[in-house]
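Heads up, structure-v4.tsv below (TSV, C-alpha atoms):
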```
chain	number	residue	atom	x	y	z
A	1	MET	CA	-24.77	-91.83	121.17
A	2	SER	CA	-26.27	-89.15	118.96
A	3	ALA	CA	-29.38	-87.18	119.83
A	4	ALA	CA	-32.56	-88.64	118.36
A	5	ALA	CA	-33.94	-87.53	115.01
A	6	GLU	CA	-37.44	-88.22	113.69
A	7	VAL	CA	-38.84	-89.16	110.30
A	8	ARG	CA	-40.78	-86.26	108.77
A	9	THR	CA	-41.69	-87.68	105.33
A	10	ARG	CA	-41.70	-91.08	103.62
A	11	VAL	CA	-42.39	-91.30	99.90
A	12	GLN	CA	-41.83	-94.01	97.29
A	13	VAL	CA	-39.67	-93.07	94.30
A	14	PRO	CA	-38.85	-95.23	91.24
A	15	LEU	CA	-35.17	-94.94	90.29
A	16	ARG	CA	-33.33	-95.44	87.01
A	17	PHE	CA	-29.57	-95.15	86.50
A	18	ALA	CA	-27.23	-95.42	83.55
A	19	GLY	CA	-26.59	-98.96	82.47
A	20	GLY	CA	-30.18	-100.01	83.04
A	21	VAL	CA	-30.03	-100.15	86.84
A	22	THR	CA	-33.53	-99.68	88.27
A	23	ALA	CA	-34.98	-99.83	91.77
A	24	THR	CA	-37.84	-98.57	93.87
A	25	ALA	CA	-36.84	-96.63	96.98
A	26	ASP	CA	-38.72	-95.58	100.08
A	27	VAL	CA	-37.20	-92.11	100.53
A	28	PHE	CA	-37.16	-90.66	104.04
A	29	THR	CA	-36.59	-87.09	105.20
A	30	PHE	CA	-35.91	-86.15	108.81
A	31	GLN	CA	-36.23	-83.48	111.44
A	32	GLY	CA	-33.79	-82.93	114.27
A	33	LEU	CA	-30.60	-83.74	112.34
A	34	VAL	CA	-27.59	-82.29	114.10
A	35	ASP	CA	-26.29	-80.35	111.08
A	36	ALA	CA	-29.75	-79.24	109.79
A	37	ARG	CA	-28.89	-80.35	106.25
A	38	GLU	CA	-31.34	-82.03	103.88
A	39	HIS	CA	-29.89	-85.54	103.89
A	40	LEU	CA	-31.92	-88.46	102.53
A	41	LEU	CA	-32.24	-92.10	103.50
A	42	LEU	CA	-33.35	-94.53	100.78
A	43	GLY	CA	-34.84	-97.82	101.91
A	44	LEU	CA	-34.07	-100.38	99.18
A	45	GLY	CA	-35.20	-103.95	98.64
A	46	ASP	CA	-36.76	-105.71	101.62
A	47	TRP	CA	-35.35	-103.25	104.10
A	48	GLU	CA	-38.16	-103.86	106.58
A	49	GLY	CA	-37.44	-107.59	106.52
A	50	ALA	CA	-33.73	-106.86	106.99
A	51	LEU	CA	-34.52	-104.79	110.08
A	52	GLN	CA	-36.71	-107.58	111.45
A	53	ARG	CA	-34.02	-110.19	110.87
A	54	ALA	CA	-31.46	-108.00	112.63
A	55	GLN	CA	-33.76	-107.59	115.63
A	56	GLU	CA	-34.05	-111.39	115.80
A	57	GLY	CA	-30.26	-111.75	115.82
A	58	GLY	CA	-29.85	-112.43	112.12
A	59	GLU	CA	-27.92	-110.63	109.40
A	60	PRO	CA	-28.35	-106.85	109.67
A	61	PRO	CA	-29.26	-104.54	106.77
A	62	LEU	CA	-26.65	-103.53	104.20
A	63	VAL	CA	-25.96	-99.79	104.45
A	64	ARG	CA	-23.95	-97.35	102.38
A	65	PRO	CA	-23.39	-93.73	103.45
A	66	HIS	CA	-22.81	-92.01	100.08
A	67	SER	CA	-21.62	-88.42	100.00
A	68	GLU	CA	-23.22	-86.22	97.35
A	69	CYS	CA	-21.10	-85.78	94.22
A	70	LEU	CA	-22.76	-83.65	91.55
A	71	THR	CA	-19.91	-84.14	89.10
A	72	GLY	CA	-19.80	-87.91	89.47
A	73	ASP	CA	-23.37	-88.87	90.36
A	74	VAL	CA	-25.16	-86.54	87.92
A	75	LEU	CA	-22.67	-85.44	85.25
A	76	GLY	CA	-20.86	-88.75	84.97
A	77	SER	CA	-17.39	-87.37	85.70
A	78	GLU	CA	-14.64	-89.98	85.50
A	79	ARG	CA	-12.29	-88.06	87.80
A	80	CYS	CA	-13.75	-90.02	90.72
A	81	ASP	CA	-15.55	-93.32	91.28
A	82	CYS	CA	-18.68	-91.86	92.89
A	83	GLY	CA	-21.18	-92.47	90.10
A	84	PRO	CA	-20.29	-96.15	89.64
A	85	GLN	CA	-20.24	-96.66	93.41
A	86	LEU	CA	-23.73	-95.14	93.71
A	87	ARG	CA	-25.14	-97.46	91.04
A	88	GLU	CA	-23.39	-100.46	92.55
A	89	ALA	CA	-24.75	-99.61	96.00
A	90	VAL	CA	-28.33	-99.34	94.72
A	91	GLU	CA	-28.06	-102.75	93.05
A	92	ARG	CA	-26.45	-104.52	95.97
A	93	ILE	CA	-28.61	-102.98	98.68
A	94	SER	CA	-31.77	-103.67	96.66
A	95	ALA	CA	-30.78	-107.34	96.52
A	96	ALA	CA	-29.87	-107.63	100.20
A	97	GLY	CA	-32.31	-105.20	101.81
A	98	GLY	CA	-31.03	-102.08	103.51
A	99	PHE	CA	-30.35	-98.38	103.19
A	100	LEU	CA	-28.51	-95.88	101.05
A	101	LEU	CA	-27.82	-92.62	102.87
A	102	TYR	CA	-27.42	-89.74	100.44
A	103	LEU	CA	-25.45	-87.16	102.42
A	104	ARG	CA	-25.15	-83.52	101.40
A	105	GLN	CA	-21.37	-83.38	101.83
A	106	GLU	CA	-20.05	-82.41	98.41
A	107	GLY	CA	-16.28	-82.51	97.98
A	108	ARG	CA	-15.59	-84.31	101.28
A	109	GLY	CA	-17.58	-81.58	102.97
A	110	ILE	CA	-15.92	-78.50	101.44
A	111	GLY	CA	-18.65	-77.76	98.88
A	112	LEU	CA	-18.98	-77.82	95.12
A	113	TYR	CA	-17.07	-74.65	94.19
A	114	ALA	CA	-14.20	-75.49	96.54
A	115	LYS	CA	-14.09	-79.02	95.12
A	116	LEU	CA	-13.68	-77.61	91.63
A	117	ASP	CA	-10.96	-75.28	92.93
A	118	ALA	CA	-9.27	-78.39	94.31
A	119	TYR	CA	-9.56	-80.04	90.89
A	120	ALA	CA	-7.63	-77.13	89.40
A	121	LEU	CA	-4.87	-77.69	91.97
A	122	GLN	CA	-4.87	-81.41	91.22
A	123	ASP	CA	-4.27	-80.54	87.56
A	124	GLN	CA	-1.09	-78.80	88.77
A	125	GLY	CA	0.11	-81.98	90.48
A	126	LEU	CA	-1.39	-82.05	93.97
A	127	ASP	CA	-3.30	-85.10	95.11
A	128	THR	CA	-6.90	-84.83	96.28
A	129	TYR	CA	-5.97	-84.39	99.95
A	130	ALA	CA	-3.11	-81.95	99.42
A	131	ALA	CA	-5.38	-79.85	97.20
A	132	ASN	CA	-7.92	-79.48	100.01
A	133	ARG	CA	-5.17	-78.46	102.42
A	134	ALA	CA	-3.83	-75.92	99.94
A	135	LEU	CA	-7.27	-74.29	99.99
A	136	GLY	CA	-7.09	-73.97	103.76
A	137	ARG	CA	-9.61	-76.75	104.30
A	138	GLY	CA	-9.44	-80.11	106.03
A	139	GLU	CA	-8.44	-83.19	104.07
A	140	ASP	CA	-11.88	-84.64	104.79
A	141	GLU	CA	-14.46	-82.50	106.58
A	142	ARG	CA	-17.28	-85.05	106.47
A	143	ASP	CA	-19.13	-85.89	109.67
A	144	TYR	CA	-21.36	-88.95	110.01
A	145	GLU	CA	-23.34	-88.02	113.12
A	146	ALA	CA	-26.42	-87.13	111.04
A	147	ALA	CA	-26.07	-90.49	109.26
A	148	ALA	CA	-26.13	-92.24	112.64
A	149	GLN	CA	-29.23	-90.25	113.62
A	150	MET	CA	-31.02	-91.27	110.41
A	151	LEU	CA	-30.22	-94.93	110.94
A	152	GLY	CA	-31.29	-94.70	114.57
A	153	ALA	CA	-34.63	-93.18	113.58
A	154	LEU	CA	-35.34	-96.31	111.50
A	155	GLY	CA	-34.07	-98.67	114.21
A	156	ALA	CA	-31.00	-99.68	112.20
A	157	THR	CA	-28.47	-99.58	115.03
A	158	ARG	CA	-26.65	-102.71	113.80
A	159	ILE	CA	-25.56	-102.77	110.17
A	160	ARG	CA	-23.35	-104.27	107.48
A	161	LEU	CA	-21.36	-101.33	106.10
A	162	LEU	CA	-20.84	-101.14	102.33
A	163	SER	CA	-17.72	-99.00	102.07
A	164	ASN	CA	-13.97	-99.02	101.46
A	165	ASN	CA	-13.43	-96.09	103.84
A	166	PRO	CA	-12.38	-97.05	107.39
A	167	ASP	CA	-13.30	-93.58	108.73
A	168	LYS	CA	-16.99	-94.20	108.06
A	169	ALA	CA	-16.99	-97.23	110.33
A	170	LEU	CA	-15.04	-95.45	113.06
A	171	GLN	CA	-17.39	-92.48	113.08
A	172	LEU	CA	-20.61	-94.48	112.92
A	173	GLU	CA	-19.50	-96.68	115.80
A	174	ALA	CA	-18.54	-93.59	117.83
A	175	PHE	CA	-22.09	-92.33	117.29
A	176	GLY	CA	-23.73	-95.55	118.47
A	177	ILE	CA	-24.10	-97.66	115.31
A	178	GLU	CA	-22.69	-101.18	115.52
A	179	VAL	CA	-20.85	-102.20	112.35
A	180	ALA	CA	-21.25	-105.97	112.31
A	181	GLU	CA	-19.45	-106.44	108.99
A	182	HIS	CA	-17.34	-104.40	106.59
A	183	VAL	CA	-18.38	-105.07	102.99
A	184	PRO	CA	-16.07	-103.51	100.37
A	185	THR	CA	-17.39	-102.03	97.16
A	186	ALA	CA	-15.94	-102.98	93.80
A	187	VAL	CA	-12.95	-101.03	92.49
A	188	HIS	CA	-14.12	-98.74	89.68
A	189	LEU	CA	-10.75	-97.98	88.12
A	190	SER	CA	-10.12	-96.00	84.93
A	191	ALA	CA	-7.28	-94.05	83.36
A	192	ASN	CA	-8.94	-90.84	84.56
A	193	ASN	CA	-9.27	-91.71	88.25
A	194	VAL	CA	-6.20	-93.82	88.95
A	195	ARG	CA	-4.34	-91.02	90.80
A	196	TYR	CA	-7.46	-90.28	92.85
A	197	LEU	CA	-7.91	-93.91	93.87
A	198	LYS	CA	-4.21	-94.32	94.65
A	199	ALA	CA	-4.40	-91.34	97.00
A	200	LYS	CA	-7.38	-92.88	98.80
A	201	ARG	CA	-5.59	-96.22	99.09
A	202	ASP	CA	-2.25	-94.83	100.24
A	203	HIS	CA	-3.26	-91.79	102.31
A	204	THR	CA	-6.46	-92.83	104.06
A	205	PHE	CA	-6.13	-96.61	103.78
A	206	HIS	CA	-9.22	-97.33	101.71
A	207	THR	CA	-9.50	-101.05	100.97
A	208	LEU	CA	-8.76	-100.83	97.25
A	209	ASP	CA	-6.88	-103.56	95.39
A	210	LEU	CA	-6.05	-101.48	92.33
A	211	ALA	CA	-3.61	-103.96	90.84
A	212	ALA	CA	-6.35	-106.58	90.56
A	213	ALA	CA	-8.97	-104.16	89.23
A	214	GLY	CA	-8.09	-103.99	85.54
A	215	ASP	CA	-5.55	-103.27	82.86
A	216	VAL	CA	-4.86	-99.64	83.85
A	217	GLU	CA	-1.22	-99.23	84.86
A	218	VAL	CA	-0.95	-98.81	88.64
A	219	ASP	CA	2.34	-98.67	90.50
A	220	SER	CA	2.58	-99.62	94.17
A	221	ALA	CA	4.14	-96.38	95.39
```
Written as structure tokens, that's how I'd like the structure from this file.
Amino acid sequence: MSAAAEVRTRVQVPLRFAGGVTATADVFTFQGLVDAREHLLLGLGDWEGALQRAQEGGEPPLVRPHSECLTGDVLGSERCDCGPQLREAVERISAAGGFLLYLRQEGRGIGLYAKLDAYALQDQGLDTYAANRALGRGEDERDYEAAAQMLGALGATRIRLLSNNPDKALQLEAFGIEVAEHVPTAVHLSANNVRYLKAKRDHTFHTLDLAAAGDVEVDSA
């Protein structure tokens, strides 16, 4: 179980994304997070009702831990699927009631400049994980203890996890968050990110059915 964190600020923010996706979020900041980073928790839809239902033994809130991706979330890069996943998460969580955790872990935790260095290595043929290793970094340096602290501060200790990444569930459960259900995101496949998604499917066992996702050519190797 992680050490307790406390809410320091709550403010309401109207959101608008590409494609006409809109929502209103209760944005929370925290003190006492284990890594001292400025992570955010966005309460979307009837998140308070979702918490109440969970406490009464009903369906828990839908939660997505989303790692910051400047290139995908802000600039619309098609080298990854982060931007579309962020918009999808806002829509689905707003409908169900729950939380989006926006985690300051750019480039699987290696930072923005190092991520772009890794892109250069990927252009020479390395996959996304091998590129990180070639830079002397871990394949995935993200840690979800702060995410567990944020959820705990809101009383969300039992959740439905919106993610294709099995490591998120393993880490959150190790830090005291019960994952009652695994809810996969859609597969946001394009010609520009197919190698990236294949690496996630094959190397870290993300639940991605690429063959069923569209008309982009995907082999099974």
Original post:
Which one of A:Gln171, A:Ser94, A:Gln12, A:Thr22 sits closest to Ala146 of chain A if you count all atoms listed in the file?
Top reply: A:Gln171
Subject >> Gly32 of chain A environment, 10 Å, only C-alpha atoms, sequence neighbours closer than 4 positions dropped, as a count of residues only >> reply: 11
**OP:** Using all atoms listed in the file, determine which residues lie at most 10 Å from Ala95 of chain A, disregarding the query and same-chain residues fewer than 6 positions distant; provide the list as a PyMOL selection string.
**Re:** chain A and resi 23+44-47+62+89
**OP:** Choose the residue, out of A:Leu126, A:Ala147, A:Ala131, A:Cys69, that has the smallest atom-to-atom separation from Leu42 of chain A; count all atoms listed in the file.
**Re:**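 Of the candidates, the smallest distance to Leu42 of chain A is held by A:Ala147.
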Subject >> Non-local contacts of Glu145 of chain A (9 Å; only C-alpha atoms; under 4 positions in same chain excluded) as JSON, numbers by chain >> reply: {"A": [2, 33, 34, 35, 149, 150, 171, 172, 174, 175]}
**OP:** May I ask which of the residues A:Gly136, A:Gly152, A:Gly43, A:Pro184 is the closest one to Val13 of chain A, counting only C-alpha atoms?
**Re:** A:Gly43
Original post:
From the set A:Val90, A:Leu135, A:Ala156, A:Ala130, which residue has the shortest atom-to-atom contact distance to Ile110 of chain A, counting all atoms listed in the file?
Top reply: A:Leu135
Near-Arg64 of chain A list (10 Å; all atoms listed in the file; drop same-chain fewer than 6 positions) as an mmCIF file with C-alpha atoms, keeping the file's coordinate frame:
```
data_model
loop_
_atom_site.group_PDB
_atom_site.id
_atom_site.type_symbol
_atom_site.label_atom_id
_atom_site.label_comp_id
_atom_site.auth_asym_id
_atom_site.auth_seq_id
_atom_site.Cartn_x
_atom_site.Cartn_y
_atom_site.Cartn_z
ATOM 1 C CA LEU A 41 -32.240 -92.100 103.500
ATOM 2 C CA LEU A 42 -33.350 -94.530 100.780
ATOM 3 C CA GLN A 85 -20.240 -96.660 93.410
ATOM 4 C CA LEU A 86 -23.730 -95.140 93.710
ATOM 5 C CA ALA A 89 -24.750 -99.610 96.000
ATOM 6 C CA VAL A 90 -28.330 -99.340 94.720
ATOM 7 C CA ARG A 92 -26.450 -104.520 95.970
ATOM 8 C CA ILE A 93 -28.610 -102.980 98.680
ATOM 9 C CA GLY A 98 -31.030 -102.080 103.510
ATOM 10 C CA PHE A 99 -30.350 -98.380 103.190
ATOM 11 C CA LEU A 100 -28.510 -95.880 101.050
ATOM 12 C CA LEU A 101 -27.820 -92.620 102.870
ATOM 13 C CA TYR A 102 -27.420 -89.740 100.440
ATOM 14 C CA ALA A 147 -26.070 -90.490 109.260
ATOM 15 C CA ILE A 159 -25.560 -102.770 110.170
ATOM 16 C CA ARG A 160 -23.350 -104.270 107.480
ATOM 17 C CA LEU A 161 -21.360 -101.330 106.100
ATOM 18 C CA LEU A 162 -20.840 -101.140 102.330
ATOM 19 C CA SER A 163 -17.720 -99.000 102.070
ATOM 20 C CA LYS A 168 -16.990 -94.200 108.060
ATOM 21 C CA VAL A 183 -18.380 -105.070 102.990
ATOM 22 C CA THR A 185 -17.390 -102.030 97.160
#
```
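We find atom CA of Ala120 of chain A and atom CA of Leu103 of chain A to be spaced 24.2 Å apart.
For the atom pair formed by atom CA of Arg142 of chain A and atom CA of Lys115 of chain A, the distance is 13.2 Å, given to one decimal.
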**OP:** Could you give me, as a list in words, the residues within 10 Å of Gly83 of chain A, counting all atoms listed in the file and dropping anything in the same chain fewer than 6 positions from it?
**Re:** Phe17, Ala18, Glu68, Cys69, Leu70, Thr71, Gly72, Asp73, Val74, Leu75, Gly76, Ser77, Ala89 and His188 of chain A
